[in-house]
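Have a look at final13.txt; it's compact mmCIF, C-alpha atoms and all ligand atoms:
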# COMPACT_ATOMS: atom_id res chain seq x y z
CA MET A 1 0.00 0.00 0.00
CA HIS A 2 1.08 3.57 -0.70
CA ALA A 3 1.66 5.77 2.36
CA THR A 4 0.96 9.49 2.65
CA LEU A 5 1.17 9.79 6.40
CA ASP A 6 1.75 12.72 8.68
CA LEU A 7 4.04 12.14 11.64
CA SER A 8 2.04 14.53 13.83
CA THR A 9 -0.91 12.13 13.82
CA HIS A 10 0.91 8.80 13.44
CA ALA A 11 3.98 9.22 15.68
CA HIS A 12 2.74 6.71 18.28
CA LEU A 13 1.87 3.84 15.93
CA PRO A 14 4.07 0.74 16.29
CA VAL A 15 6.28 -0.15 13.35
CA THR A 16 7.47 -3.63 12.36
CA LEU A 17 8.93 -5.03 9.18
CA HIS A 18 7.40 -7.92 7.20
CA ASP A 19 8.35 -9.57 3.94
CA SER A 20 5.50 -7.65 2.33
CA GLY A 21 6.54 -4.19 3.59
CA ILE A 22 6.58 -2.16 6.75
CA SER A 23 3.60 -2.10 9.11
CA ILE A 24 2.69 1.21 10.65
CA GLY A 25 -0.15 0.50 13.02
CA GLN A 26 -2.53 -1.94 11.32
CA THR A 27 -1.51 -1.16 7.75
CA THR A 28 1.41 -2.49 5.71
CA TYR A 29 3.13 -0.11 3.29
CA THR A 30 5.57 -0.78 0.49
CA HIS A 31 6.17 2.77 -0.73
CA GLY A 32 5.10 6.37 -0.16
CA THR A 33 6.22 9.01 2.30
CA VAL A 34 5.83 10.13 5.89
CA ARG A 35 5.70 13.90 6.31
CA ILE A 36 7.79 15.03 9.29
CA ASN A 37 7.19 18.81 9.25
CA GLU A 38 6.71 21.70 6.78
CA SER A 39 10.09 21.13 5.20
CA ALA A 40 10.93 17.46 5.70
CA ALA A 41 9.54 14.08 4.71
CA ILE A 42 10.93 10.58 4.57
CA ALA A 43 10.34 7.80 2.07
CA VAL A 44 8.92 4.46 3.20
CA SER A 45 11.87 2.76 1.45
CA GLN A 46 14.25 4.65 3.77
CA LEU A 47 12.28 3.48 6.80
CA ILE A 48 12.51 -0.11 5.58
CA ASN A 49 16.29 0.22 5.22
CA GLY A 50 16.51 1.90 8.61
CA TRP A 51 14.56 -0.89 10.28
CA GLN A 52 16.94 -3.48 8.89
CA MET A 53 19.79 -1.75 10.70
CA CYS A 54 17.89 -1.28 13.97
CA ALA A 55 15.28 -4.00 14.32
CA LEU A 56 13.52 -2.88 17.48
CA ARG A 57 9.81 -2.60 18.00
CA MET A 58 9.16 1.10 18.54
CA PRO A 59 6.70 3.84 17.69
CA LEU A 60 6.97 5.38 14.22
CA ALA A 61 8.55 8.56 15.66
CA GLY A 62 11.53 6.53 16.85
CA LEU A 63 12.27 4.93 13.49
CA VAL A 64 11.77 8.26 11.72
CA PHE A 65 14.39 9.82 14.00
CA GLN A 66 16.78 6.89 13.64
CA VAL A 67 16.69 7.38 9.86
CA SER A 68 16.16 11.14 9.36
CA LYS A 69 17.80 12.67 12.50
CA GLU A 70 15.02 15.29 12.38
CA LEU A 71 14.54 16.78 15.84
CA THR A 72 10.81 17.27 15.25
CA SER A 73 10.29 13.50 15.47
CA LEU A 74 11.65 13.50 19.02
CA GLY A 75 8.83 15.85 20.06
CA HIS A 76 6.68 12.74 20.48
CA PHE A 77 9.04 11.53 23.25
CA PHE A 78 10.05 14.91 24.68
CA PRO A 79 7.09 17.31 24.35
CA LEU A 80 9.30 20.25 25.35
CA ILE A 81 10.67 20.21 21.78
CA HIS A 82 7.31 21.28 20.35
CA THR A 83 7.51 24.53 22.34
CA LEU A 84 11.05 25.51 21.29
CA ASN A 85 11.74 28.19 18.69
CA HIS A 86 14.34 27.79 15.99
CA ALA A 87 17.30 29.03 18.07
CA GLN A 88 16.27 26.89 21.04
CA ARG A 89 16.00 23.81 18.82
CA THR A 90 19.53 24.41 17.65
CA GLU A 91 20.56 24.66 21.30
CA PHE A 92 18.70 21.41 22.15
CA ARG A 93 20.48 19.65 19.32
CA THR A 94 23.85 21.00 20.45
CA ARG A 95 23.33 19.78 24.00
CA LEU A 96 22.15 16.39 22.78
CA ASN A 97 25.13 16.04 20.43
CA THR A 98 27.50 16.98 23.25
CA LEU A 99 26.12 14.13 25.35
CA LEU A 100 26.19 11.74 22.39
CA GLN A 101 29.87 12.50 21.88
CA THR A 102 31.09 12.18 25.46
CA PRO A 103 31.68 8.84 27.15
CA ASP A 104 30.56 10.34 30.51
CA ILE A 105 27.12 8.71 30.40
CA ALA A 106 27.75 5.23 29.04
CA ILE A 107 24.79 3.47 27.42
CA THR A 108 25.33 -0.17 26.55
CA TYR A 109 23.08 -2.58 24.70
CA THR A 110 23.17 -6.34 25.16
CA ALA A 111 21.55 -8.37 22.38
CA GLN A 112 21.29 -12.16 22.08
CA THR A 113 24.76 -12.18 20.53
CA GLY A 114 26.31 -10.17 23.38
CA LEU A 115 27.32 -6.52 23.70
CA THR A 116 26.29 -4.73 20.52
CA ALA A 117 26.66 -1.14 19.30
CA THR A 118 23.80 0.82 20.92
CA PRO A 119 21.39 2.07 18.20
CA LEU A 120 21.24 5.87 17.92
CA ILE A 121 17.55 6.07 18.81
CA VAL A 122 18.17 4.06 21.99
CA ARG A 123 20.94 6.42 23.11
CA VAL A 124 18.76 9.40 22.26
CA MET A 125 15.82 8.04 24.27
CA VAL A 126 18.09 8.26 27.33
CA LEU A 127 20.15 11.37 26.59
CA GLY A 128 17.28 13.38 25.09
CA GLN A 129 15.29 12.75 28.27
CA ILE A 130 18.15 14.11 30.34
CA VAL A 131 18.51 17.23 28.15
CA SER A 132 14.75 17.73 28.26
CA CYS A 133 14.33 17.41 32.06
CA PHE A 134 17.20 19.79 32.73
CA TRP A 135 16.55 22.22 29.90
CA GLY A 136 16.25 24.99 32.50
CA ARG A 137 19.19 23.77 34.66
CA PRO A 138 21.95 22.62 32.26
CA GLU A 139 24.53 22.81 35.07
CA ILE A 140 22.85 19.73 36.58
CA VAL A 141 23.61 17.77 33.39
CA SER A 142 27.27 18.76 33.78
CA ALA A 143 27.22 17.63 37.42
CA LEU A 144 25.62 14.37 36.32
CA GLN A 145 28.38 13.85 33.76
CA ARG A 146 31.04 14.31 36.44
CA THR A 147 29.55 11.42 38.43
CA LYS A 148 29.82 9.06 35.42
CA PRO A 149 26.49 7.23 35.54
CA SER A 150 25.72 4.35 33.18
CA VAL A 151 22.66 2.76 31.64
CA ALA A 152 22.58 -0.88 30.49
CA LEU A 153 19.81 -1.97 28.14
CA TYR A 154 18.90 -5.55 27.30
CA ALA A 155 17.16 -6.94 24.24
CA ASN A 156 14.87 -9.18 26.31
CA ARG A 157 13.83 -10.23 29.78
CA GLN A 158 16.07 -13.27 29.86
CA LEU A 159 19.22 -11.23 29.15
CA TYR A 160 18.14 -8.63 31.69
CA GLU A 161 17.69 -11.22 34.43
CA ARG A 162 20.86 -13.09 33.52
CA ALA A 163 22.78 -9.82 34.07
CA GLY A 164 21.19 -9.49 37.52
CA GLY A 165 18.25 -7.24 36.66
CA VAL A 166 15.23 -7.44 38.98
CA GLY A 167 11.70 -6.00 38.88
CA GLY A 168 10.60 -3.79 36.00
CA GLY A 169 13.90 -1.91 35.93
CA CYS A 170 16.48 -1.05 38.54
CA TYR A 171 19.09 1.43 39.69
CA LEU A 172 22.16 0.23 41.60
CA PRO A 173 23.29 3.19 43.73
CA HIS A 174 26.82 1.99 44.40
CA GLU A 175 27.49 1.23 40.74
CA HIS A 176 25.52 4.38 39.75
CA HIS A 177 23.96 2.20 37.11
CA ILE A 178 20.48 1.76 35.60
CA MET A 179 19.37 -1.57 34.09
CA LEU A 180 16.32 -1.82 31.85
CA GLU A 181 14.87 -3.96 29.08
CA VAL A 182 15.19 -1.93 25.90
CA ASN A 183 11.49 -2.11 24.97
CA ARG A 184 10.63 -0.38 28.24
CA LEU A 185 12.24 2.79 26.83
CA PHE A 186 9.46 2.90 24.23
CA GLU A 187 6.66 1.40 26.31
CA GLY A 188 4.83 4.60 27.23
CA PHE A 189 4.85 6.06 23.74
CA TYR A 190 2.29 3.98 21.84
CA THR A 191 -0.39 6.54 22.66
CA PRO A 192 -0.61 10.15 21.42
CA THR A 193 0.14 11.39 24.97
CA PRO A 194 3.13 9.81 26.72
CA ASN A 195 2.17 7.43 29.52
CA VAL A 196 4.29 5.27 31.86
CA SER A 197 8.02 5.96 31.83
CA PRO A 198 10.18 3.33 33.53
CA PHE A 199 13.26 5.30 32.47
CA LEU A 200 12.07 8.52 34.14
CA HIS A 201 11.40 6.51 37.30
CA GLU A 202 14.87 4.95 37.35
CA PHE A 203 16.36 8.31 36.39
CA GLY A 204 14.73 9.72 39.55
CA HIS A 205 16.64 7.10 41.57
CA LEU A 206 19.80 7.96 39.66
CA LEU A 207 19.39 11.64 40.59
CA ASP A 208 19.12 10.58 44.23
CA GLY A 209 22.37 8.62 43.75
CA THR A 210 23.95 11.66 42.08
CA HIS A 211 23.15 13.76 45.14
CA MET A 212 24.64 11.02 47.31
CA ARG A 213 27.87 11.05 45.29
CA LEU A 214 28.23 14.81 45.01
CA ASN A 215 27.80 15.13 48.77
CA GLN A 216 29.80 12.01 49.64
CA LEU A 217 26.96 10.51 51.66
CA PRO A 218 27.03 6.84 52.64
CA HIS A 219 23.61 6.19 51.06
CA CYS A 220 20.74 7.81 49.19
CA VAL A 221 18.48 10.15 51.17
CA GLY A 222 15.81 10.95 48.61
CA ARG A 223 17.10 14.34 47.48
CA LEU A 224 17.92 15.82 44.08
CA PRO A 225 21.38 17.06 43.09
CA LEU A 226 22.23 20.76 43.18
CA MET A 227 19.09 21.89 44.99
CA HIS A 228 19.21 25.60 45.80
CA ASP A 229 18.29 26.63 49.36
CA GLN A 230 14.83 27.57 48.19
CA ASP A 231 14.42 24.25 46.30
CA LEU A 232 15.30 22.36 49.45
CA ARG A 233 12.91 24.36 51.61
CA LEU A 234 10.06 23.77 49.16
CA TRP A 235 10.94 20.07 48.90
CA GLN A 236 11.03 19.56 52.67
CA LYS A 237 7.73 21.36 53.16
CA ALA A 238 6.07 19.44 50.35
CA LYS A 239 7.38 16.09 51.50
CA TYR A 240 6.32 16.78 55.07
CA ARG A 241 2.79 17.60 53.91
CA GLU A 242 2.51 14.51 51.75
CA VAL A 243 3.84 12.23 54.46
CA GLN A 244 1.42 13.78 57.02
CA CYS A 245 -1.44 13.16 54.64
CA TYR A 246 -0.31 9.60 53.93
CA THR A 247 0.13 8.85 57.62
CA ALA A 248 -3.42 10.03 58.30
CA TRP A 249 -4.72 7.59 55.68
CA TYR A 250 -2.45 4.87 57.01
CA HIS A 251 -4.01 5.25 60.47
CA GLN A 252 -7.51 5.21 58.92
CA ARG A 253 -8.08 8.85 59.85
CA PRO A 254 -8.23 10.62 56.46
CA PRO A 255 -8.09 14.44 56.64
CA SER A 256 -11.54 15.99 57.09
CA ASP A 257 -11.20 17.88 53.79
CA GLY A 258 -10.86 14.53 51.99
CA GLN A 259 -7.34 15.35 50.73
CA MET A 260 -5.60 12.17 49.62
CA PRO A 261 -1.98 11.53 48.69
CA LEU A 262 -1.19 11.84 44.97
CA GLY A 263 1.16 8.86 45.07
CA HIS A 264 0.48 5.15 45.50
CA PRO A 265 1.56 3.51 48.79
CA TYR A 266 4.45 2.15 46.70
CA VAL A 267 6.05 5.61 46.64
CA PHE A 268 5.66 6.04 50.40
CA GLN A 269 7.67 2.90 51.15
CA ASN A 270 10.91 4.81 51.48
CA ASP A 271 12.63 8.09 50.60
CA GLY A 272 13.99 6.81 47.29
CA GLU A 273 10.61 5.66 45.95
CA PHE A 274 9.01 8.91 47.12
CA LEU A 275 11.45 10.84 44.96
CA ALA A 276 11.43 8.55 41.91
CA GLY A 277 7.64 8.02 41.86
CA HIS A 278 6.79 11.70 42.16
CA TRP A 279 9.53 12.68 39.71
CA GLU A 280 7.90 10.48 37.07
CA MET A 281 4.44 11.85 37.88
CA PHE A 282 5.68 15.44 37.64
CA TRP A 283 6.53 14.82 33.98
CA ARG A 284 3.51 12.67 33.16
CA ASN A 285 0.62 14.25 35.07
CA PRO A 286 1.79 17.78 35.86
CA HIS A 287 -1.71 19.28 35.63
CA ALA A 288 -3.13 16.87 38.21
CA MET A 289 -0.08 17.30 40.44
CA ALA A 290 -0.39 21.09 40.31
CA GLN A 291 -4.04 20.83 41.21
CA GLN A 292 -3.98 18.13 43.86
CA THR A 293 -0.57 18.70 45.47
CA PRO A 294 0.61 22.19 44.43
CA HIS A 295 3.31 22.10 47.13
CA LEU A 296 4.97 19.10 45.43
CA PHE A 297 4.46 20.50 41.96
CA ASN A 298 6.08 23.82 42.92
CA ALA A 299 9.03 22.09 44.55
CA PHE A 300 9.79 20.25 41.29
CA MET A 301 8.97 23.19 39.05
CA PHE A 302 11.32 25.59 40.86
CA TYR A 303 14.00 22.91 40.99
CA VAL A 304 14.01 22.17 37.25
CA ASN A 305 13.15 25.77 36.37
CA GLN A 306 10.58 24.46 33.90
CA ASP A 307 6.80 24.03 33.85
CA PRO A 308 5.94 20.79 32.01
CA ARG A 309 2.31 21.93 31.67
CA THR A 310 3.34 24.32 28.91
CA SER A 311 4.52 21.47 26.66
CA LEU A 312 2.21 18.67 27.80
CA THR A 313 -1.37 19.67 27.09
CA HIS A 314 -2.90 16.47 28.51
CA ASP A 315 -1.91 14.41 31.52
CA TYR A 316 -1.54 10.66 31.51
CA MET A 317 -4.15 9.87 34.17
CA GLY A 318 -3.37 6.19 34.80
CA TYR A 319 -1.38 6.75 37.98
CA VAL A 320 -3.62 9.49 39.36
CA GLU A 321 -6.83 7.52 38.84
CA GLY A 322 -5.34 4.23 40.03
CA ASN A 323 -4.04 5.82 43.22
CA ARG A 324 -7.30 7.63 43.92
CA ALA A 325 -9.13 4.31 43.51
CA PHE A 326 -6.76 2.71 46.01
CA TYR A 327 -7.44 5.24 48.77
CA GLN A 328 -11.17 5.32 48.05
CA SER A 329 -11.35 1.53 48.25
CA GLY A 330 -10.64 1.57 51.98
CA GLN A 331 -7.69 -0.82 51.60
CA GLN A 332 -4.98 -0.55 54.24
CA PRO A 333 -2.06 1.60 52.97
CA TRP A 334 1.39 0.07 53.38
CA PRO A 335 3.81 0.88 56.21
CA THR A 336 6.43 3.51 55.43
CA GLU A 337 10.14 3.60 56.18
CA MET A 338 10.71 7.17 55.13
CA ARG A 339 13.25 8.90 57.33
CA TYR A 340 14.53 12.06 55.67
CA ASP A 341 12.92 15.47 55.31
CA THR A 342 9.74 14.25 56.95
CA ALA A 343 9.75 16.35 60.15
CA SER A 344 8.41 19.91 60.34
CA ASP A 345 10.92 22.64 61.16
ZN ZN B 401 11.72 2.78 42.25

Final structure tokens representation of the file:
Amino acid sequence: MHATLDLSTHAHLPVTLHDSGISIGQTTYTHGTVRINESAAIAVSQLINGWQMCALRMPLAGLVFQVSKELTSLGHFFPLIHTLNHAQRTEFRTRLNTLLQTPDIAITYTAQTGLTATPLIVRVMVLGQIVSCFWGRPEIVSALQRTKPSVALYANRQLYERAGGVGGGCYLPHEHHIMLEVNRLFEGFYTPTPNVSPFLHEFGHLLDGTHMRLNQLPHCVGRLPLMHDQDLRLWQKAKYREVQCYTAWYHQRPPSDGQMPLGHPYVFQNDGEFLAGHWEMFWRNPHAMAQQTPHLFNAFMFYVNQDPRTSLTHDYMGYVEGNRAFYQSGQQPWPTEMRYDTASD
């Protein structure tokens, strides 16, 4: 079939190659073009060639980037890009290229045949996320580079587990190392609005580990690196409020105004999960966070010096709704082992 597709409406559709052509969503194409923006398009034949060099299941936007290197296609993964003007896009590209060229943040890929060159789109899914989160605080990216973190990606579950990976993804604080199955990098992008992001979650843990390293602490304490005094004050206040609210629910005495925690009991287990879980939600449901827990939202917004609501028009509501359902169900919340920044001053 002949394609005349527009990336802006088809970015999230899964692509796979067959003998008969390339499937984009439910349809198989043999020729035609995908329009990327006003000035760029890519031929289906180029996508087919590109797939042969990087045979990973991913949304169309990923394959289009892998082949065309057009920054617009990354807007599906990093919505900030849609809001940047021409000069800012050039700056985004420069920062991304700088990270791609330095060995400071090592990204490895293990396939069935062993360690393999990491495909460009896979490296960009990690490094572009870092550039995007710290667009307003580039000095934090430099600090991150100095701590030499690493990310190991695995082609499948078996390889991940054989290397010692546990759960849905993990961060090893003493190795300063994230482990993840490669398909989890793309998992939350098969819908027009980004949903779950295992990488953002593990990146939250890695930021905690970065703070630990920069301050030579013996273990993680659930804080972000390079917090200004005001950032820290806002964070402590916000965390205190959330923990108070959670504790009230835990003791079956919900606040009289009905306020419930934004996060699942999972994120109240300890200081690290509190940071990582809310960090992911800040980027995925900023509107709901700003509305339900403005103290937490402001703490993150001032820290990153960026308001994700300006680039993300719609929240992913899966976490927010699931967590609300949990508290409304009357189930017993889990015990917490949080210890840091939980007392009032
Ligand atoms: Zn976690």

Near-Met53 of chain A list (10 Å; all atoms listed in the file; drop same-chain fewer than 4 positions) as an MDAnalysis selection string: chainID A and resid 47:49 66:67 119

Leu144 of chain A environment, 12 Å, only C-alpha atoms, sequence neighbours closer than 6 positions dropped, as a PyMOL selection string: chain A and resi 99+104-106+127+130-131+134+137-138+150+176+203+206-214+224-226

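If all atoms listed in the file are the atoms counted, then among A:Ser329, A:Tyr171, A:Pro308, A:Pro265 the closest residue to ligand ZN 401 (chain B) is A:Tyr171.
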
Where does chain A meet ligand ZN 401 (chain B) within 8 Å, residue by residue, with the nearest atom pair and distance in Å to one decimal for each, counting all atoms listed in the file, listed by chain and rising number, as CSV?
residue,atom,partner,partner_atom,distance
A:Cys170,CA,B:ZN401,ZN,7.1
A:Tyr171,CA,B:ZN401,ZN,7.9
A:His201,CA,B:ZN401,ZN,6.2
A:Glu202,CA,B:ZN401,ZN,6.2
A:His205,CA,B:ZN401,ZN,6.6
A:Val267,CA,B:ZN401,ZN,7.7
A:Gly272,CA,B:ZN401,ZN,6.8
A:Glu273,CA,B:ZN401,ZN,4.8
A:Ala276,CA,B:ZN401,ZN,5.8
A:Gly277,CA,B:ZN401,ZN,6.7

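For the pair atom CA of Cys245 of chain A and atom CA of Pro194 of chain A, the interatomic distance is 28.5 Å.
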
Point-to-point distance from atom CA of Asn298 of chain A to atom CA of Trp283 of chain A, Å rounded to tenths: 12.7 Å
